[in-house]
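See below for my_file-v4.txt, which holds compact mmCIF, C-alpha atoms.
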```
# COMPACT_ATOMS: atom_id res chain seq x y z
CA MET A 1 0.00 0.00 0.00
CA SER A 2 2.87 2.38 0.74
CA ASP A 3 4.03 1.70 -2.80
CA ASP A 4 0.64 2.86 -4.07
CA LEU A 5 0.93 6.00 -1.97
CA ASP A 6 4.36 6.74 -3.45
CA VAL A 7 3.00 6.39 -6.97
CA ILE A 8 -0.06 8.49 -6.16
CA GLN A 9 2.16 11.24 -4.78
CA ARG A 10 4.28 11.18 -7.94
CA VAL A 11 1.15 11.54 -10.07
CA LEU A 12 -0.10 14.41 -7.93
CA ASP A 13 3.31 16.05 -8.28
CA GLY A 14 2.83 16.06 -12.04
CA ASP A 15 4.30 12.75 -13.21
CA LEU A 16 1.44 11.67 -15.47
CA GLU A 17 3.26 8.57 -16.72
CA ALA A 18 3.45 7.24 -13.16
CA PHE A 19 -0.30 6.67 -13.33
CA ARG A 20 0.43 3.83 -15.75
CA LEU A 21 1.81 1.83 -12.82
CA LEU A 22 -1.55 2.06 -11.08
CA VAL A 23 -3.39 1.14 -14.27
CA GLU A 24 -1.24 -1.92 -14.86
CA ARG A 25 -1.47 -2.96 -11.23
CA TYR A 26 -5.25 -2.75 -10.93
CA GLN A 27 -6.56 -3.22 -14.46
CA GLY A 28 -7.09 -6.94 -13.78
CA PRO A 29 -9.44 -6.71 -10.79
CA LEU A 30 -11.19 -3.63 -12.17
CA CYS A 31 -11.87 -5.19 -15.56
CA CYS A 32 -12.94 -8.43 -13.88
CA LEU A 33 -15.50 -6.57 -11.78
CA ILE A 34 -16.83 -4.53 -14.69
CA GLY A 35 -16.78 -7.56 -16.97
CA ASN A 36 -19.05 -9.40 -14.56
CA LEU A 37 -21.41 -6.48 -14.02
CA ILE A 38 -21.81 -5.15 -17.57
CA PRO A 39 -23.32 -7.59 -20.06
CA ASN A 40 -22.23 -5.72 -23.21
CA ALA A 41 -18.61 -6.49 -24.06
CA HIS A 42 -18.16 -3.23 -25.98
CA ASP A 43 -19.39 -1.14 -23.05
CA ARG A 44 -17.08 -2.90 -20.61
CA GLU A 45 -13.86 -1.44 -21.92
CA ASP A 46 -15.31 2.06 -22.19
CA MET A 47 -16.54 1.76 -18.62
CA ALA A 48 -13.16 0.53 -17.40
CA GLN A 49 -11.35 3.41 -19.10
CA GLU A 50 -13.83 5.91 -17.67
CA ALA A 51 -13.25 4.46 -14.20
CA PHE A 52 -9.50 5.00 -14.46
CA LEU A 53 -9.96 8.51 -15.88
CA ALA A 54 -12.32 9.37 -13.03
CA ALA A 55 -9.79 7.98 -10.56
CA TYR A 56 -7.10 10.22 -12.05
CA GLN A 57 -9.33 13.30 -11.94
CA HIS A 58 -10.20 12.71 -8.27
CA LEU A 59 -6.86 11.30 -7.18
CA ALA A 60 -6.26 14.17 -4.79
CA SER A 61 -9.40 13.19 -2.86
CA TYR A 62 -8.16 9.66 -2.12
CA ASP A 63 -7.54 9.22 1.60
CA ALA A 64 -5.50 6.20 2.60
CA ARG A 65 -7.03 6.28 6.10
CA HIS A 66 -10.38 5.17 4.65
CA GLY A 67 -9.03 2.11 2.88
CA ALA A 68 -6.71 0.71 0.26
CA PHE A 69 -6.41 2.31 -3.16
CA SER A 70 -7.88 -0.81 -4.73
CA THR A 71 -11.01 -0.43 -2.59
CA TRP A 72 -11.37 3.20 -3.63
CA LEU A 73 -10.83 2.36 -7.29
CA LEU A 74 -13.32 -0.51 -7.26
CA THR A 75 -15.86 1.78 -5.58
CA ILE A 76 -15.53 4.17 -8.52
CA ALA A 77 -15.94 1.29 -10.97
CA ARG A 78 -18.96 -0.07 -9.12
CA ASN A 79 -20.63 3.35 -9.05
CA LYS A 80 -19.98 3.80 -12.77
CA CYS A 81 -21.68 0.47 -13.47
CA LEU A 82 -24.61 1.41 -11.25
CA ASN A 83 -25.07 4.75 -13.03
CA ALA A 84 -24.87 3.06 -16.43
CA ARG A 85 -27.46 0.54 -15.34
CA LYS A 86 -29.83 3.30 -14.23
CA LYS A 87 -29.59 4.92 -17.67
CA GLN A 88 -30.47 1.71 -19.46
CA ARG A 89 -33.98 0.53 -20.04
CA PRO A 90 -35.16 -1.95 -17.45
CA VAL A 91 -34.14 -5.47 -18.33
CA VAL A 92 -37.18 -7.66 -18.87
CA LEU A 93 -35.45 -10.76 -17.62
CA ASP A 94 -35.66 -10.48 -13.85
CA GLU A 95 -36.51 -14.10 -13.31
CA LEU A 96 -33.92 -16.80 -13.08
CA PRO A 97 -33.79 -19.23 -15.98
CA GLU A 98 -36.06 -22.17 -15.27
CA THR A 99 -34.67 -25.52 -14.39
CA ALA A 100 -36.68 -28.25 -16.03
CA GLU A 101 -35.99 -30.74 -13.31
CA PRO A 102 -33.27 -31.35 -10.78
CA ARG A 103 -30.14 -32.46 -12.54
CA PRO A 104 -27.08 -33.68 -10.73
CA PRO A 105 -23.76 -32.13 -11.73
CA ASP A 106 -22.59 -35.31 -13.39
CA ALA A 107 -25.52 -35.37 -15.85
CA GLU A 108 -24.92 -35.46 -19.61
CA LEU A 109 -25.54 -31.69 -19.91
CA VAL A 110 -22.63 -30.03 -21.72
CA GLU A 111 -20.45 -27.80 -19.54
CA ALA A 112 -20.91 -24.88 -21.92
CA GLU A 113 -24.65 -25.04 -21.47
CA TRP A 114 -24.26 -24.92 -17.68
CA PHE A 115 -21.96 -21.95 -18.05
CA GLN A 116 -24.47 -20.15 -20.25
CA ARG A 117 -27.27 -20.77 -17.75
CA LEU A 118 -25.12 -19.54 -14.91
CA ASP A 119 -24.11 -16.47 -16.93
CA GLN A 120 -27.78 -15.70 -17.50
CA ALA A 121 -28.55 -16.27 -13.85
CA LEU A 122 -25.74 -13.93 -12.83
CA ALA A 123 -27.03 -11.22 -15.19
CA ALA A 124 -30.54 -11.69 -13.77
CA LEU A 125 -29.47 -11.08 -10.17
CA PRO A 126 -30.31 -7.70 -8.62
CA PHE A 127 -27.37 -5.34 -9.03
CA GLU A 128 -26.49 -5.30 -5.33
CA GLN A 129 -26.45 -9.08 -5.07
CA ARG A 130 -24.51 -9.42 -8.31
CA THR A 131 -21.85 -6.95 -7.17
CA ALA A 132 -21.47 -8.56 -3.77
CA PHE A 133 -21.31 -12.03 -5.33
CA VAL A 134 -18.70 -11.03 -7.92
CA LEU A 135 -16.49 -9.34 -5.35
CA ALA A 136 -16.78 -12.14 -2.78
CA GLU A 137 -17.08 -15.36 -4.74
CA ILE A 138 -15.29 -14.55 -7.99
CA GLN A 139 -12.66 -12.11 -6.80
CA GLY A 140 -12.37 -13.51 -3.28
CA ARG A 141 -12.40 -10.15 -1.50
CA PRO A 142 -13.11 -9.99 2.25
CA HIS A 143 -16.59 -8.96 3.31
CA GLU A 144 -15.26 -5.93 5.19
CA GLU A 145 -13.76 -4.55 1.98
CA ILE A 146 -16.94 -5.27 0.04
CA GLY A 147 -18.89 -3.40 2.71
CA ARG A 148 -16.68 -0.35 2.15
CA ILE A 149 -17.09 -0.59 -1.62
CA GLU A 150 -20.87 -0.90 -1.41
CA GLY A 151 -21.34 1.37 1.56
CA VAL A 152 -23.25 -1.23 3.59
CA PRO A 153 -22.59 -3.20 6.78
CA VAL A 154 -20.78 -6.54 6.65
CA GLY A 155 -23.98 -8.36 7.60
CA THR A 156 -25.73 -6.97 4.53
CA VAL A 157 -22.84 -8.10 2.34
CA LYS A 158 -23.01 -11.63 3.75
CA SER A 159 -26.74 -11.73 3.20
CA ARG A 160 -26.44 -10.57 -0.42
CA VAL A 161 -23.68 -13.05 -1.18
CA SER A 162 -25.59 -15.87 0.44
CA ARG A 163 -28.79 -15.16 -1.49
CA ALA A 164 -26.92 -14.84 -4.79
CA ARG A 165 -25.07 -18.08 -4.16
CA GLU A 166 -28.28 -19.92 -3.33
CA LYS A 167 -29.95 -18.74 -6.53
CA LEU A 168 -27.02 -19.79 -8.67
CA ARG A 169 -26.51 -23.08 -6.90
CA ALA A 170 -30.17 -23.85 -7.27
CA LEU A 171 -29.63 -24.06 -11.02
CA LEU A 172 -27.39 -27.02 -10.53
CA HIS A 173 -29.36 -28.48 -7.65
CA HIS A 174 -26.02 -29.12 -6.12
CA PRO A 175 -25.90 -29.38 -2.38
CA ALA A 176 -25.41 -25.73 -1.36
CA GLU A 177 -22.24 -24.97 0.54
CA GLN A 178 -23.02 -24.14 4.12
CA SER A 179 -20.96 -21.08 5.04
CA MET W 1 -10.73 -38.67 -10.85
CA PRO W 2 -13.33 -36.49 -9.21
CA HIS W 3 -15.83 -34.87 -11.50
CA PRO W 4 -15.14 -31.11 -11.64
CA ASP W 5 -17.82 -29.01 -10.02
CA PRO W 6 -19.35 -26.95 -12.88
CA TYR W 7 -20.16 -24.17 -10.44
CA GLU W 8 -16.53 -23.84 -9.38
CA SER W 9 -15.36 -24.19 -13.01
CA TRP W 10 -17.76 -21.44 -13.99
CA LYS W 11 -16.49 -19.13 -11.22
CA THR W 12 -12.92 -19.73 -12.34
CA ARG W 13 -13.93 -18.84 -15.88
CA ARG W 14 -15.65 -15.61 -14.75
CA ALA W 15 -12.61 -14.70 -12.67
CA GLY W 16 -10.54 -14.87 -15.85
CA LEU W 17 -12.29 -11.89 -17.42
CA GLY W 18 -9.47 -9.43 -17.82
CA PRO W 19 -8.41 -6.40 -19.80
CA PRO W 20 -7.28 -6.52 -23.43
CA ALA W 21 -3.54 -6.51 -24.08
CA ASP W 22 -3.17 -2.79 -24.82
CA PHE W 23 -5.66 -1.56 -22.24
CA ALA W 24 -3.11 0.43 -20.22
CA ASP W 25 -1.90 2.15 -23.40
CA ARG W 26 -5.45 3.20 -24.26
CA VAL W 27 -6.09 4.52 -20.77
CA MET W 28 -2.88 6.54 -20.84
CA ALA W 29 -3.71 7.88 -24.31
CA GLY W 30 -7.12 9.03 -23.06
CA LEU W 31 -5.46 10.54 -20.02
CA CYS W 32 -2.94 12.44 -22.14
CA ARG W 33 -5.73 13.82 -24.33
CA GLN W 34 -7.65 14.97 -21.27
CA HIS W 35 -4.50 16.43 -19.69
CA GLU W 36 -3.67 18.35 -22.89
CA LYS W 37 -7.18 19.75 -23.10
CA GLN W 38 -7.01 20.94 -19.48
CA ARG W 39 -3.61 22.52 -20.15
CA GLN W 40 -4.97 24.40 -23.17
CA ASP W 41 -8.00 25.58 -21.19
CA ALA W 42 -5.72 26.81 -18.40
CA ALA W 43 -3.45 28.60 -20.91
CA ARG W 44 -6.43 30.33 -22.53
CA ARG W 45 -7.77 31.68 -19.21
CA PRO W 46 -5.06 34.37 -18.47
CA ARG W 47 -5.63 36.04 -21.89
CA LEU W 48 -9.19 36.85 -20.83
CA LEU W 49 -8.14 38.82 -17.78
CA PRO W 50 -6.32 41.68 -19.62
CA ARG W 51 -9.32 41.96 -21.97
CA LEU W 52 -11.74 42.19 -19.09
CA ALA W 53 -9.51 44.72 -17.37
CA ARG W 54 -9.35 46.85 -20.53
CA LEU W 55 -13.12 46.66 -20.87
CA ALA W 56 -13.60 47.77 -17.26
CA VAL W 57 -11.22 50.72 -17.65
CA CYS W 58 -12.89 51.84 -20.88
CA SER W 59 -16.34 51.62 -19.27
CA LEU W 60 -15.21 53.72 -16.31
CA ALA W 61 -13.64 56.28 -18.64
CA CYS W 62 -16.87 56.55 -20.65
CA ALA W 63 -18.91 56.96 -17.49
CA ALA W 64 -16.52 59.69 -16.26
CA CYS W 65 -16.79 61.53 -19.60
CA LEU W 66 -20.54 61.36 -19.57
CA PHE W 67 -20.65 62.69 -16.02
CA ARG W 68 -18.31 65.60 -16.92
CA ILE W 69 -20.42 66.49 -19.96
CA LEU W 70 -23.59 66.51 -17.86
CA GLN W 71 -21.84 68.69 -15.28
CA LEU W 72 -20.98 71.27 -17.98
CA VAL W 73 -24.36 71.19 -19.68
CA ALA W 74 -26.54 71.06 -16.55
CA PRO W 75 -26.42 74.87 -15.70
CA PHE W 76 -27.62 75.74 -19.22
CA LEU W 77 -30.46 73.25 -18.99
CA VAL W 78 -31.54 74.68 -15.62
CA THR W 79 -31.40 78.30 -16.96
CA ARG W 80 -33.46 77.33 -20.00
CA ALA W 81 -36.02 75.60 -17.80
CA THR W 82 -36.31 78.72 -15.60
CA LEU W 83 -36.93 80.97 -18.66
```
In structure tokens, what does this structure look like?
Amino acid sequence: MSDDLDVIQRVLDGDLEAFRLLVERYQGPLCCLIGNLIPNAHDREDMAQEAFLAAYQHLASYDARHGAFSTWLLTIARNKCLNARKKQRPVVLDELPETAEPRPPDAELVEAEWFQRLDQALAALPFEQRTAFVLAEIQGRPHEEIGRIEGVPVGTVKSRVSRAREKLRALLHHPAEQS
Amino acid sequence: MPHPDPYESWKTRRAGLGPPADFADRVMAGLCRQHEKQRQDAARRPRLLPRLARLAVCSLACAACLFRILQLVAPFLVTRATL
């Protein structure tokens, strides 16, 4: 984290190229989050670039006492996705894809078809649950950090993650993990 | 060999969503464009101040002239009104 602070100070002192270090360091997690929240592939890259540009513009307002730079950056990205979602027309699909009947994981269903169903189920989740699920289950971030990103208590994060996991697991009718 | 859990396989696949190869270059290019635009805007701003100052001085000078003219003409207007 102190390395991030050194780079941030260099950028604030006028070394624009130093910002590249931050981009290269955090482009992975940021693009992963946006990639899992924005369905349109073309919009994802624009959104990711906008998030970094917004971070640069507001870099002076970053306060290390409130959390890591990655947390601050992901908060910007998450808010960008939320604003973009509000501008879009409501998505008709707010129901999970139907499961015809319970199918055990070792059924003859092709893996790609399972992936597609899970992708659809992820896209159908409410935004808050989807964000919490992506940050916790896909990126493996601690609940405390997710709470700071989303601006909600840890208990709310756990509840959102749990509900999202149950909905997705229900597609496979796999015994849900008890956590 | 245990059958891979499709749910875990799917999560691993979603976790692999990453940036394109030249993403950092594109971000920096956008940043440079924005930085250049801000620099040009900042450079343009000082040229306005001398113009505004000149405009203010000219306006004051015109107002002073008008006042002086009225001062000179006023006695004649009063005399004419009295007659």
* Atom-to-atom span, CA of Ala29 in chain W and CA of Leu135 in chain A, Å ->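 One can read the CA of Ala29 in chain W to CA of Leu135 in chain A distance as 28.6 Å.
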* Asked: Once you count all atoms listed in the file, which residues end up no further than 12 Å from (-25.0, -15.9, -3.9) in the file's frame, shown as an MDAnalysis selection string?
  -> (chainID A and resid 118 121:122 125:138 157:171 176:179) or (chainID W and resid 7 11)
May I have a table of the residues of chain W lying at most 9 Å from chain A, giving each one's closest pair of atoms and their distance in Å to one decimal, counting all atoms listed in the file, ordered by chain and ascending residue number, as a tab-separated table?
```
residue	atom	partner	partner_atom	distance
W:His3	CA	A:Asp106	CA	7.0
W:Pro4	CA	A:Pro105	CA	8.7
W:Asp5	CA	A:Pro105	CA	6.9
W:Pro6	CA	A:Glu111	CA	6.8
W:Tyr7	CA	A:Arg169	CA	7.4
W:Ser9	CA	A:Phe115	CA	8.6
W:Trp10	CA	A:Phe115	CA	5.9
W:Lys11	CA	A:Ile138	CA	5.7
W:Thr12	CA	A:Ile138	CA	7.2
W:Arg13	CA	A:Phe115	CA	8.9
W:Arg14	CA	A:Ile138	CA	6.9
W:Ala15	CA	A:Ile138	CA	5.4
W:Gly16	CA	A:Cys32	CA	7.1
W:Leu17	CA	A:Cys32	CA	5.0
W:Gly18	CA	A:Gly28	CA	5.3
W:Pro19	CA	A:Cys31	CA	5.6
W:Pro20	CA	A:Glu45	CA	8.4
W:Phe23	CA	A:Gln27	CA	8.0
W:Ala24	CA	A:Val23	CA	6.0
W:Asp25	CA	A:Arg20	CA	8.2
W:Arg26	CA	A:Gln49	CA	7.8
W:Val27	CA	A:Gln49	CA	5.6
W:Met28	CA	A:Arg20	CA	6.6
W:Gly30	CA	A:Leu53	CA	7.7
W:Leu31	CA	A:Leu53	CA	6.4
W:Cys32	CA	A:Leu16	CA	8.0
W:Gln34	CA	A:Leu53	CA	8.7
W:His35	CA	A:Leu16	CA	8.7
```
* Asked: CA of Asp4 in chain A and CA of His143 in chain A, how far apart in Å?
  -> 22.2 Å
Residues within 10 Å of (-12.5, 0.5, -6.4), counting only C-alpha atoms, listed as a PDB file with C-alpha atoms, in the frame of the given file:
```pdb
ATOM      1  CA  TYR A  26      -5.250  -2.750 -10.930  1.00  0.00           C
ATOM      2  CA  PRO A  29      -9.440  -6.710 -10.790  1.00  0.00           C
ATOM      3  CA  LEU A  30     -11.190  -3.630 -12.170  1.00  0.00           C
ATOM      4  CA  LEU A  33     -15.500  -6.570 -11.780  1.00  0.00           C
ATOM      5  CA  ALA A  51     -13.250   4.460 -14.200  1.00  0.00           C
ATOM      6  CA  PHE A  52      -9.500   5.000 -14.460  1.00  0.00           C
ATOM      7  CA  ALA A  55      -9.790   7.980 -10.560  1.00  0.00           C
ATOM      8  CA  ALA A  68      -6.710   0.710   0.260  1.00  0.00           C
ATOM      9  CA  PHE A  69      -6.410   2.310  -3.160  1.00  0.00           C
ATOM     10  CA  SER A  70      -7.880  -0.810  -4.730  1.00  0.00           C
ATOM     11  CA  THR A  71     -11.010  -0.430  -2.590  1.00  0.00           C
ATOM     12  CA  TRP A  72     -11.370   3.200  -3.630  1.00  0.00           C
ATOM     13  CA  LEU A  73     -10.830   2.360  -7.290  1.00  0.00           C
ATOM     14  CA  LEU A  74     -13.320  -0.510  -7.260  1.00  0.00           C
ATOM     15  CA  THR A  75     -15.860   1.780  -5.580  1.00  0.00           C
ATOM     16  CA  ILE A  76     -15.530   4.170  -8.520  1.00  0.00           C
ATOM     17  CA  ALA A  77     -15.940   1.290 -10.970  1.00  0.00           C
ATOM     18  CA  ARG A  78     -18.960  -0.070  -9.120  1.00  0.00           C
ATOM     19  CA  ASN A  79     -20.630   3.350  -9.050  1.00  0.00           C
ATOM     20  CA  GLU A 145     -13.760  -4.550   1.980  1.00  0.00           C
ATOM     21  CA  ILE A 146     -16.940  -5.270   0.040  1.00  0.00           C
ATOM     22  CA  ARG A 148     -16.680  -0.350   2.150  1.00  0.00           C
ATOM     23  CA  ILE A 149     -17.090  -0.590  -1.620  1.00  0.00           C
ATOM     24  CA  GLU A 150     -20.870  -0.900  -1.410  1.00  0.00           C
TER      25      GLU A 150
END
```
* Asked: What gap, in Å, lies between CA of Leu70 in chain W and CA of Leu55 in chain W?
  ->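 CA of Leu70 in chain W sits 22.6 Å away from CA of Leu55 in chain W.
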